[in-house]
file my_file-v6.txt (compact mmCIF, C-alpha atoms)
# COMPACT_ATOMS: atom_id res chain seq x y z
CA MET A 1 139.23 142.98 159.96
CA SER A 2 137.73 144.46 156.83
CA GLU A 3 134.29 143.36 155.70
CA PHE A 4 135.42 143.73 152.11
CA THR A 5 137.27 141.20 150.02
CA PHE A 6 139.04 141.80 146.73
CA CYS A 7 139.56 139.65 143.69
CA SER A 8 140.99 140.38 140.24
CA VAL A 9 139.66 138.37 137.33
CA PHE A 10 141.31 137.97 133.96
CA SER A 11 138.52 136.82 131.66
CA ILE A 12 134.82 137.49 131.12
CA ASP A 13 133.98 133.90 132.02
CA GLU A 14 135.90 134.17 135.29
CA ALA A 15 134.06 137.41 136.09
CA LEU A 16 130.67 135.78 135.42
CA MET A 17 131.59 132.85 137.61
CA LYS A 18 132.50 135.14 140.51
CA LEU A 19 129.31 137.19 140.01
CA ALA A 20 127.28 133.97 140.16
CA GLN A 21 129.03 132.94 143.38
CA GLU A 22 128.68 136.35 145.03
CA PRO A 23 125.54 138.06 143.73
CA GLY A 24 126.21 141.15 145.88
CA ALA A 25 129.70 141.67 144.44
CA CYS A 26 130.65 145.18 143.44
CA VAL A 27 132.34 145.33 140.04
CA VAL A 28 135.28 147.74 139.97
CA ALA A 29 136.90 149.06 136.79
CA GLY A 30 138.60 152.45 137.25
CA GLY A 31 137.30 152.87 140.80
CA THR A 32 136.48 156.57 140.53
CA ASP A 33 132.87 155.97 141.61
CA VAL A 34 133.32 152.89 143.80
CA THR A 35 135.96 154.52 146.02
CA LEU A 36 133.53 157.38 146.69
CA ARG A 37 130.72 154.98 147.52
CA ILE A 38 132.98 153.16 149.97
CA ARG A 39 134.16 156.42 151.52
CA GLU A 40 130.60 157.68 151.95
CA GLY A 41 129.35 154.35 153.33
CA ARG A 42 127.05 153.83 150.35
CA GLN A 43 128.74 150.59 149.29
CA ARG A 44 127.55 147.45 151.03
CA PRO A 45 130.58 145.44 152.21
CA GLY A 46 131.37 142.35 150.18
CA LEU A 47 133.48 141.32 147.22
CA LEU A 48 135.17 144.04 145.19
CA LEU A 49 135.52 142.38 141.81
CA ASP A 50 138.31 143.95 139.76
CA ILE A 51 137.61 143.67 136.02
CA SER A 52 140.33 146.12 134.94
CA ARG A 53 142.67 143.32 133.92
CA ILE A 54 140.28 141.65 131.49
CA ALA A 55 141.89 142.33 128.12
CA GLU A 56 138.68 141.48 126.19
CA LEU A 57 136.87 144.41 127.83
CA GLN A 58 139.39 147.02 126.72
CA GLY A 59 139.67 149.05 123.56
CA ILE A 60 137.94 150.71 120.67
CA ARG A 61 137.54 148.95 117.34
CA GLU A 62 135.54 149.19 114.15
CA GLU A 63 134.16 145.93 112.90
CA ARG A 64 131.42 144.99 110.44
CA GLY A 65 129.90 148.44 110.33
CA TYR A 66 129.92 149.03 114.10
CA ILE A 67 132.23 150.84 116.45
CA HIS A 68 132.72 148.75 119.59
CA ILE A 69 133.99 150.25 122.85
CA GLY A 70 134.88 147.82 125.62
CA ALA A 71 133.44 148.51 129.07
CA THR A 72 136.79 149.20 130.75
CA THR A 73 138.03 151.55 128.04
CA THR A 74 139.05 154.73 129.80
CA LEU A 75 137.60 158.13 129.03
CA ALA A 76 141.20 159.17 128.24
CA ALA A 77 141.37 156.55 125.48
CA ILE A 78 138.05 157.78 124.07
CA ALA A 79 139.12 161.43 124.37
CA SER A 80 142.25 160.73 122.30
CA SER A 81 140.79 158.32 119.74
CA GLU A 82 141.24 159.50 116.14
CA LEU A 83 138.65 156.95 115.05
CA LEU A 84 136.02 158.49 117.35
CA ALA A 85 137.06 162.07 116.51
CA ALA A 86 136.25 161.29 112.88
CA LYS A 87 133.34 158.87 113.21
CA ALA A 88 131.61 159.73 116.48
CA PRO A 89 132.54 163.33 117.30
CA ALA A 90 129.64 163.62 119.77
CA LEU A 91 131.13 160.95 122.03
CA TYR A 92 134.68 162.18 121.44
CA GLU A 93 133.69 165.69 122.54
CA ALA A 94 131.80 164.38 125.58
CA ALA A 95 134.89 162.44 126.67
CA ASN A 96 136.97 165.57 126.30
CA ARG A 97 134.58 167.51 128.53
CA PHE A 98 134.40 164.68 131.10
CA ALA A 99 135.83 165.63 134.53
CA ASP A 100 139.54 166.37 134.02
CA PRO A 101 142.41 164.56 132.25
CA ASN A 102 143.61 162.76 135.39
CA THR A 103 140.15 161.43 136.25
CA ARG A 104 139.80 160.37 132.61
CA ASN A 105 142.93 158.25 133.03
CA ARG A 106 140.96 155.96 135.36
CA ALA A 107 137.24 156.47 134.70
CA THR A 108 135.70 154.05 132.20
CA ILE A 109 132.77 154.24 129.82
CA GLY A 110 131.30 151.11 131.40
CA GLY A 111 131.42 152.73 134.81
CA ASN A 112 129.79 155.89 133.50
CA ILE A 113 126.77 153.99 132.16
CA VAL A 114 126.54 151.50 135.04
CA ASN A 115 126.56 154.30 137.59
CA ALA A 116 123.76 155.97 135.59
CA SER A 117 123.99 159.43 137.07
CA PRO A 118 121.33 161.70 135.53
CA GLY A 119 124.09 164.16 134.62
CA ALA A 120 126.56 161.60 133.24
CA ASP A 121 128.35 162.83 130.15
CA THR A 122 128.51 159.75 127.92
CA PRO A 123 124.86 158.56 127.90
CA PRO A 124 123.49 161.52 125.86
CA PRO A 125 125.92 161.03 122.95
CA LEU A 126 125.43 157.26 123.17
CA CYS A 127 121.64 157.71 123.02
CA ALA A 128 121.92 160.14 120.11
CA LEU A 129 124.19 157.71 118.25
CA GLY A 130 121.64 154.94 118.80
CA ALA A 131 124.19 152.95 120.80
CA GLU A 132 123.42 149.57 122.31
CA VAL A 133 124.79 148.19 125.57
CA LEU A 134 126.07 144.61 125.40
CA LEU A 135 125.25 142.61 128.52
CA ARG A 136 126.63 139.14 129.21
CA SER A 137 125.33 136.58 131.66
CA PRO A 138 125.88 132.82 131.85
CA LYS A 139 122.75 132.54 129.66
CA GLY A 140 124.27 134.52 126.82
CA THR A 141 124.62 138.06 125.50
CA ARG A 142 121.83 140.57 125.06
CA CYS A 143 121.78 144.05 123.53
CA LEU A 144 119.73 146.96 124.79
CA PRO A 145 119.53 150.49 123.41
CA VAL A 146 121.22 152.79 125.93
CA TRP A 147 117.97 154.72 126.54
CA GLU A 148 116.22 151.48 127.49
CA TYR A 149 119.14 150.23 129.55
CA LEU A 150 119.03 153.43 131.63
CA LEU A 151 116.03 153.39 133.98
CA GLY A 152 116.57 156.39 136.26
CA PRO A 153 119.02 157.90 138.74
CA ASN A 154 121.58 155.15 139.46
CA ARG A 155 119.16 152.55 138.10
CA THR A 156 119.73 150.39 135.03
CA ALA A 157 118.35 147.24 133.41
CA LEU A 158 121.50 145.34 134.42
CA LEU A 159 120.41 142.09 136.09
CA PRO A 160 122.19 140.41 139.00
CA GLY A 161 124.99 138.26 137.66
CA GLU A 162 125.19 140.23 134.43
CA LEU A 163 128.29 142.06 133.22
CA VAL A 164 128.43 145.06 130.89
CA LEU A 165 130.74 144.11 128.01
CA GLY A 166 130.66 147.47 126.28
CA VAL A 167 128.72 149.56 123.81
CA ARG A 168 128.39 149.54 120.04
CA PHE A 169 126.98 151.95 117.50
CA LYS A 170 127.20 152.81 113.82
CA PRO A 171 129.66 155.53 112.82
CA CYS A 172 128.08 158.99 112.60
CA PRO A 173 130.48 161.72 111.48
CA HIS A 174 127.64 164.31 111.60
CA SER A 175 127.32 164.32 115.36
CA ALA A 176 128.07 166.84 118.07
CA PHE A 177 127.87 167.37 121.83
CA ILE A 178 127.47 170.55 123.86
CA LYS A 179 127.88 170.73 127.63
CA ILE A 180 127.03 173.52 130.02
CA GLY A 181 129.11 173.18 133.18
CA LEU A 182 129.86 175.69 135.89
CA ARG A 183 133.59 175.50 135.14
CA LYS A 184 135.80 173.94 132.50
CA ALA A 185 137.12 171.02 134.56
CA MET A 186 135.50 168.68 137.09
CA ALA A 187 132.11 170.16 136.25
CA ILE A 188 129.04 168.01 136.74
CA SER A 189 126.84 168.97 133.83
CA VAL A 190 124.15 171.59 134.26
CA GLU A 191 122.83 170.19 131.03
CA THR A 192 124.13 168.56 127.87
CA ALA A 193 122.83 168.04 124.36
CA ALA A 194 123.95 165.52 121.76
CA VAL A 195 122.89 165.40 118.14
CA ALA A 196 123.67 162.72 115.56
CA LEU A 197 122.28 162.86 112.05
CA GLU A 198 122.52 161.71 108.47
CA LYS A 199 121.61 163.87 105.49
CA ASP A 200 121.27 163.25 101.78
CA GLU A 201 122.94 165.17 98.96
CA ASN A 202 120.17 167.81 99.09
CA GLY A 203 120.76 168.47 102.76
CA VAL A 204 117.55 166.69 103.82
CA ILE A 205 117.88 164.98 107.20
CA THR A 206 117.34 161.26 106.64
CA ALA A 207 118.07 160.03 110.15
CA CYS A 208 118.57 161.74 113.46
CA GLY A 209 119.14 161.00 117.09
CA ILE A 210 118.93 163.74 119.71
CA ALA A 211 119.45 163.32 123.44
CA PHE A 212 119.81 165.47 126.54
CA GLY A 213 121.64 164.91 129.81
CA ALA A 214 120.82 166.34 133.26
CA LEU A 215 117.38 167.41 132.01
CA GLY A 216 115.50 164.47 133.50
CA PRO A 217 116.01 161.42 135.71
CA LYS A 218 118.22 159.87 133.02
CA ALA A 219 119.60 160.74 129.61
CA LEU A 220 116.54 161.49 127.48
CA ARG A 221 116.07 160.66 123.86
CA ALA A 222 114.27 163.68 122.35
CA TRP A 223 111.71 161.91 120.22
CA ASN A 224 109.55 164.96 119.44
CA THR A 225 112.55 167.06 118.44
CA GLU A 226 113.73 164.27 116.18
CA LYS A 227 110.30 164.09 114.52
CA ALA A 228 110.40 167.83 113.88
CA LEU A 229 113.62 167.41 111.89
CA LEU A 230 113.24 164.09 110.13
CA ASN A 231 112.84 164.29 106.34
CA LYS A 232 113.20 168.07 106.47
CA ARG A 233 115.74 170.38 104.95
CA PRO A 234 116.75 172.72 107.78
CA SER A 235 115.42 176.27 107.47
CA ASN A 236 114.82 178.88 110.12
CA ALA A 237 111.23 177.69 110.44
CA VAL A 238 112.21 174.02 110.73
CA LEU A 239 114.82 174.81 113.33
CA ALA A 240 112.38 176.99 115.30
CA ALA A 241 109.87 174.13 115.33
CA ALA A 242 112.57 171.74 116.53
CA VAL A 243 113.63 174.13 119.32
CA ALA A 244 109.97 174.41 120.38
CA ALA A 245 109.74 170.61 120.46
CA VAL A 246 112.71 170.42 122.84
CA GLY A 247 110.51 171.80 125.62
CA THR A 248 108.17 168.83 125.23
CA ASP A 249 110.97 166.25 125.41
CA ILE A 250 112.75 167.33 128.59
CA GLN A 251 111.77 167.16 132.28
CA PRO A 252 114.15 169.57 133.98
CA ARG A 253 114.09 170.04 137.75
CA ASP A 254 115.30 172.71 140.09
CA GLY A 255 118.71 171.67 141.31
CA LEU A 256 121.96 172.85 142.79
CA ARG A 257 123.37 173.55 139.37
CA GLY A 258 120.44 175.32 137.77
CA THR A 259 116.78 176.17 138.10
CA LYS A 260 114.04 174.51 136.09
CA GLU A 261 113.39 177.77 134.24
CA TYR A 262 117.05 178.21 133.36
CA ARG A 263 117.25 174.69 132.07
CA TYR A 264 114.10 175.05 129.96
CA SER A 265 115.34 178.21 128.36
CA THR A 266 118.90 177.02 127.68
CA ALA A 267 118.08 173.49 126.48
CA GLY A 268 116.85 174.86 123.16
CA VAL A 269 119.98 176.95 122.82
CA ILE A 270 122.43 174.10 123.35
CA PHE A 271 120.33 171.84 121.13
CA GLU A 272 120.54 174.42 118.34
CA ARG A 273 124.30 174.76 118.78
CA ALA A 274 124.81 171.01 118.75
CA PHE A 275 122.50 170.64 115.76
CA LEU A 276 124.33 173.28 113.71
CA ALA A 277 127.72 171.79 114.61
CA ALA A 278 126.55 168.32 113.59
CA TYR A 279 124.79 169.47 110.42
CA HIS A 280 127.64 171.59 109.16
CA SER A 281 130.52 169.34 110.18
CA SER A 282 132.60 168.92 107.06
CA ILE A 283 133.72 165.35 107.66
CA MET B 284 145.88 141.27 151.79
CA LEU B 285 149.35 141.88 150.42
CA LEU B 286 150.12 144.56 147.85
CA HIS B 287 153.28 144.62 145.77
CA ILE B 288 154.17 147.82 143.95
CA ILE B 289 157.27 149.53 142.64
CA LEU B 290 157.29 152.76 144.62
CA ASN B 291 159.69 155.37 143.29
CA GLY B 292 161.78 152.61 141.73
CA LYS B 293 161.87 150.32 144.77
CA PRO B 294 159.85 147.12 145.14
CA ILE B 295 157.57 147.44 148.17
CA THR B 296 155.22 145.00 149.88
CA ALA B 297 152.46 146.29 152.11
CA GLU B 298 149.66 144.70 154.10
CA ILE B 299 146.49 146.51 153.03
CA GLU B 300 142.73 146.32 153.41
CA PRO B 301 140.77 145.50 150.22
CA GLU B 302 138.89 148.80 150.27
CA GLN B 303 141.84 151.08 150.96
CA THR B 304 142.65 153.79 148.45
CA LEU B 305 146.13 154.15 147.00
CA LEU B 306 146.39 157.50 148.81
CA SER B 307 145.60 155.92 152.13
CA VAL B 308 148.24 153.20 151.63
CA LEU B 309 150.86 155.73 150.54
CA ARG B 310 150.24 158.09 153.44
CA ASN B 311 149.19 155.85 156.32
CA ASP B 312 151.06 152.62 155.65
CA LEU B 313 154.08 153.62 153.59
CA LYS B 314 154.49 157.02 155.30
CA HIS B 315 154.85 158.81 152.00
CA THR B 316 152.94 161.95 152.93
CA GLY B 317 153.91 164.08 149.91
CA ALA B 318 150.61 163.31 148.21
CA LYS B 319 147.97 165.21 150.19
CA GLN B 320 144.39 164.43 150.96
CA GLY B 321 142.43 167.56 150.11
CA CYS B 322 138.85 166.77 149.20
CA GLY B 323 139.11 162.97 149.23
CA VAL B 324 136.60 162.73 146.39
CA GLY B 325 138.70 163.33 143.30
CA GLU B 326 137.90 167.01 142.92
CA CYS B 327 141.06 168.85 143.97
CA GLY B 328 144.07 166.91 142.65
CA ALA B 329 146.23 167.32 145.78
CA CYS B 330 146.64 163.53 145.90
CA THR B 331 147.90 163.20 142.32
CA VAL B 332 150.63 160.59 141.75
CA VAL B 333 151.91 158.92 138.60
CA LEU B 334 150.63 155.34 138.18
CA ASP B 335 152.24 153.38 135.35
CA GLY B 336 153.14 156.60 133.57
CA ARG B 337 149.81 158.37 133.95
CA ALA B 338 148.81 161.02 136.44
CA ILE B 339 145.87 159.84 138.54
CA LYS B 340 144.03 161.00 141.65
CA SER B 341 145.16 158.47 144.23
CA CYS B 342 142.15 159.12 146.51
CA THR B 343 139.86 157.54 143.92
CA VAL B 344 142.04 154.52 143.07
CA LEU B 345 141.76 151.25 144.96
CA ALA B 346 145.24 150.27 146.14
CA ALA B 347 144.48 146.60 145.52
CA GLN B 348 144.06 147.36 141.82
CA CYS B 349 147.65 148.65 141.69
CA GLU B 350 149.20 145.22 142.24
CA GLY B 351 152.42 145.05 140.20
CA SER B 352 152.22 148.71 139.18
CA GLU B 353 154.83 151.42 139.23
CA VAL B 354 153.93 154.35 141.43
CA LEU B 355 155.86 157.60 141.34
CA THR B 356 155.31 160.17 144.09
CA ILE B 357 156.90 163.53 144.84
CA GLU B 358 159.31 161.73 147.20
CA GLY B 359 160.84 159.98 144.19
CA LEU B 360 161.91 163.12 142.35
CA ALA B 361 164.91 164.57 144.24
CA LYS B 362 168.14 162.69 143.61
CA ASN B 363 171.31 162.92 145.74
CA ASN B 364 169.90 165.81 147.73
CA GLU B 365 169.27 167.73 144.51
CA LEU B 366 165.75 168.85 143.76
CA HIS B 367 164.28 167.72 140.46
CA PRO B 368 164.48 170.57 137.91
CA LEU B 369 160.67 170.78 137.86
CA GLN B 370 160.64 171.26 141.65
CA ARG B 371 163.35 173.89 141.24
CA ALA B 372 161.29 175.62 138.54
CA PHE B 373 158.28 175.84 140.92
CA ILE B 374 160.46 177.56 143.53
CA ASP B 375 162.10 179.88 141.01
CA HIS B 376 158.74 181.02 139.62
CA GLY B 377 157.02 181.59 142.96
CA ALA B 378 154.63 178.78 142.09
CA ILE B 379 154.39 177.64 145.71
CA GLN B 380 152.67 179.42 148.54
CA CYS B 381 151.18 177.12 151.16
CA GLY B 382 152.45 174.09 149.24
CA TYR B 383 149.47 171.85 149.81
CA CYS B 384 148.65 171.49 146.12
CA THR B 385 152.23 171.56 144.86
CA ALA B 386 153.03 167.85 144.81
CA GLY B 387 149.87 167.21 142.83
CA PHE B 388 150.67 169.87 140.25
CA ILE B 389 154.23 168.62 139.86
CA MET B 390 153.17 165.00 139.36
CA THR B 391 150.54 166.03 136.80
CA ALA B 392 153.07 168.16 134.93
CA LEU B 393 155.71 165.46 135.04
CA ALA B 394 153.39 162.85 133.52
CA LEU B 395 152.35 165.31 130.83
CA LEU B 396 155.90 166.22 129.86
CA GLN B 397 157.10 162.62 129.93
CA ARG B 398 154.52 161.82 127.30
CA LYS B 399 154.68 165.15 125.52
CA PRO B 400 157.93 167.05 126.15
CA ASN B 401 156.92 169.77 123.69
CA ALA B 402 153.53 170.48 125.28
CA THR B 403 152.15 173.93 124.52
CA ARG B 404 150.99 176.38 127.17
CA GLY B 405 147.41 175.47 126.28
CA GLU B 406 148.14 171.78 126.72
CA ILE B 407 149.75 172.49 130.08
CA GLN B 408 146.65 174.44 131.16
CA ALA B 409 144.38 171.58 130.06
CA ALA B 410 146.52 168.98 131.82
CA ILE B 411 146.39 170.76 135.19
CA SER B 412 142.69 171.61 134.92
CA GLY B 413 141.83 169.09 137.64
CA ASN B 414 144.40 170.42 140.12
CA LEU B 415 143.22 173.23 142.37
CA CYS B 416 145.43 175.93 143.87
CA ARG B 417 143.82 178.43 146.24
CA CYS B 418 146.91 180.60 146.92
CA THR B 419 149.05 181.59 144.00
CA GLY B 420 146.65 181.56 141.14
CA TYR B 421 147.77 179.54 138.22
CA VAL B 422 150.02 181.84 136.18
CA GLN B 423 153.20 181.12 138.16
CA ILE B 424 152.48 177.41 138.12
CA ILE B 425 152.00 177.38 134.35
CA ASP B 426 155.11 179.54 133.94
CA ALA B 427 157.13 177.08 136.02
CA ILE B 428 155.97 174.08 134.02
CA GLU B 429 156.56 175.91 130.76
CA ALA B 430 160.07 176.92 131.81
CA TYR B 431 160.91 173.33 132.74
CA ALA B 432 159.49 172.13 129.41
CA ALA B 433 161.61 174.70 127.58
CA ALA B 434 164.68 173.49 129.49
CA LEU B 435 163.96 169.97 128.24
CA GLY B 436 165.03 171.35 124.90
CA GLU B 437 162.19 170.43 122.59
CA PRO B 438 160.49 173.43 121.01
CA PRO B 439 156.79 173.64 121.85
CA ALA B 440 154.45 172.38 119.16
CA LYS B 441 152.45 175.01 117.29
CA GLU B 442 149.53 176.09 119.46
CA GLY B 443 146.45 174.50 117.92
CA LEU B 444 142.87 175.64 118.18

call {"tool": "encode", "arguments": {"input": "my_file-v6.txt", "output": "structure tokens"}}
result
Amino acid sequence: MSEFTFCSVFSIDEALMKLAQEPGACVVAGGTDVTLRIREGRQRPGLLLDISRIAELQGIREERGYIHIGATTTLAAIASSELLAAKAPALYEAANRFADPNTRNRATIGGNIVNASPGADTPPPLCALGAEVLLRSPKGTRCLPVWEYLLGPNRTALLPGELVLGVRFKPCPHSAFIKIGLRKAMAISVETAAVALEKDENGVITACGIAFGALGPKALRAWNTEKALLNKRPSNAVLAAAVAAVGTDIQPRDGLRGTKEYRYSTAGVIFERAFLAAYHSSI
Amino acid sequence: MLLHIILNGKPITAEIEPEQTLLSVLRNDLKHTGAKQGCGVGECGACTVVLDGRAIKSCTVLAAQCEGSEVLTIEGLAKNNELHPLQRAFIDHGAIQCGYCTAGFIMTALALLQRKPNATRGEIQAAISGNLCRCTGYVQIIDAIEAYAAALGEPPAKEGL
């Protein structure tokens, strides 16, 4: 007899009720991470709570100045969204570099941020875009910036009994994402950079968000690099200062996919590429 | 627990465990062994089947989540002892060697061409990027899929950037 049980829920309220009854329940959306945890014995037996049938958690919409993406929206839906291609190209590009098309058919954005792998592909663009995670518990809904929600490898600010509803952020057409992977498909990132910015009619940067993936225990917001660019009109000197600041924002480690030295020296390069793509995007 | 799916057009009921993957149910309980277990962790694509019209890696899908779904496997393709034209194309183009990956490639290609019959060569390459073949290389496989797409009769869309 299996030590697991399974239950599909059809509304957010029903999910919260089940989570309150079984605090150790494992929420399942696409299952691409949970099935691996079960296989490798890393998932404590208990309730597998299927949220994939909750209609309210699915889809991408623009409303009152924000783009909302429901937690169980698949990476495939994000990778083929014309809205995101135009208004959040950094996230659109990250979704298109995520695993492979068949994995994207199941994997969800909620799962990617709940799992909180240091090399996850969607947190850096979400951090750069200034995205917030929406968390619901019986007490109500709270919003946390993605970089505060992420605490470290596989650790987040999600409390027991809480459910991730989705993410929201303001449109940012001038955004871009660059990933270094060891191959084109199914590549866990060696490192990633995401840049989102606004500029005025003179080309001066009036707002910017920069984030890196796989260069620390979680997606890192690059505060120093942002400071080096804010209220500046990009020149070679400004860009060189920003690239120098990258080294102070990241905490790369030696790993299977790259050495610390490699990551230090390439982080500036992918930042620069992402910055130029974001700055010069014609949208 | 009981699982109800439409497997290759036929309604099927199976007694499953809550934590079983779709691949495990197909192979061990329903004796449909066309989908292979290669890596078991979603890396190789040998277990690819079509779930509600989309190609997915059945080793990373919980079977219990497939309740009421339509599942298409390689066993569902041949009709009246005639191979499906896409299977035929794989043979004709030498796109099979050991055969372990073949079912996965065919199911991925089928889902792509059902949604996009005029897929370009580039789109075919992108679609199969999560399916690994360690024998033939990929050229024959892409040729086979392209030839089947051409036989479907819709001209390929202009190759984009």

call {"tool": "atom_distance", "arguments": {"input": "my_file-v6.txt", "atom1": "CA of Asn291 (chain B)", "atom2": "CA of Lys362 (chain B)"}}
result
11.2 Å

call {"tool": "interface_residues", "arguments": {"input": "my_file-v6.txt", "of": "chain B", "to": "chain A", "cutoff": "12 Å", "atoms": "all atoms listed in the file", "output": "number ranges by chain"}}
result
B: 284-286, 299-307, 322-351, 387-388, 390-392, 394-395, 406-415

call {"tool": "atom_distance", "arguments": {"input": "my_file-v6.txt", "atom1": "CA of Leu135 (chain A)", "atom2": "CA of Glu162 (chain A)"}}
result
6.4 Å

call {"tool": "residues_near_point", "arguments": {"input": "my_file-v6.txt", "point": "(129.7, 171.4, 110.4)", "cutoff": "12 Å", "atoms": "all atoms listed in the file", "output": "MDAnalysis selection string"}}
result
chainID A and resid 89 173:176 195:197 273:283

call {"tool": "residues_around", "arguments": {"input": "my_file-v6.txt", "residues": "region 240-244 of chain A", "least_positions_apart": "3", "cutoff": "9 Å", "atoms": "all atoms listed in the file", "output": "MDAnalysis selection string"}}
result
chainID A and resid 224:229 235:237 247:248 267:269 271:272

call {"tool": "atom_distance", "arguments": {"input": "my_file-v6.txt", "atom1": "CA of Thr108 (chain A)", "atom2": "CA of Pro125 (chain A)"}}
result
15.2 Å

call {"tool": "closest_residue", "arguments": {"input": "my_file-v6.txt", "among": "A:Tyr262, A:Leu75, A:Asp254, A:Asp200", "to": "Asn112 (chain A)", "atoms": "only C-alpha atoms"}}
result
A:Leu75

call {"tool": "residues_near_point", "arguments": {"input": "my_file-v6.txt", "point": "(114.9, 167.5, 123.3)", "cutoff": "6 Å", "atoms": "all atoms listed in the file", "output": "PyMOL selection string"}}
result
chain A and resi 222+225+246+249-250

call {"tool": "write_last_selection", "arguments": {"input": "my_file-v6.txt", "atoms": "C-alpha atoms", "output": "mmCIF file, in the coordinates of the input"}}
result
data_model
loop_
_atom_site.group_PDB
_atom_site.id
_atom_site.type_symbol
_atom_site.label_atom_id
_atom_site.label_comp_id
_atom_site.auth_asym_id
_atom_site.auth_seq_id
_atom_site.Cartn_x
_atom_site.Cartn_y
_atom_site.Cartn_z
ATOM 1 C CA ALA A 222 114.270 163.680 122.350
ATOM 2 C CA THR A 225 112.550 167.060 118.440
ATOM 3 C CA VAL A 246 112.710 170.420 122.840
ATOM 4 C CA ASP A 249 110.970 166.250 125.410
ATOM 5 C CA ILE A 250 112.750 167.330 128.590
#

call {"tool": "closest_residue", "arguments": {"input": "my_file-v6.txt", "among": "B:Leu366, B:Ile374, B:Cys416, B:Ala430", "to": "Asn401 (chain B)", "atoms": "only C-alpha atoms"}}
result
B:Ala430
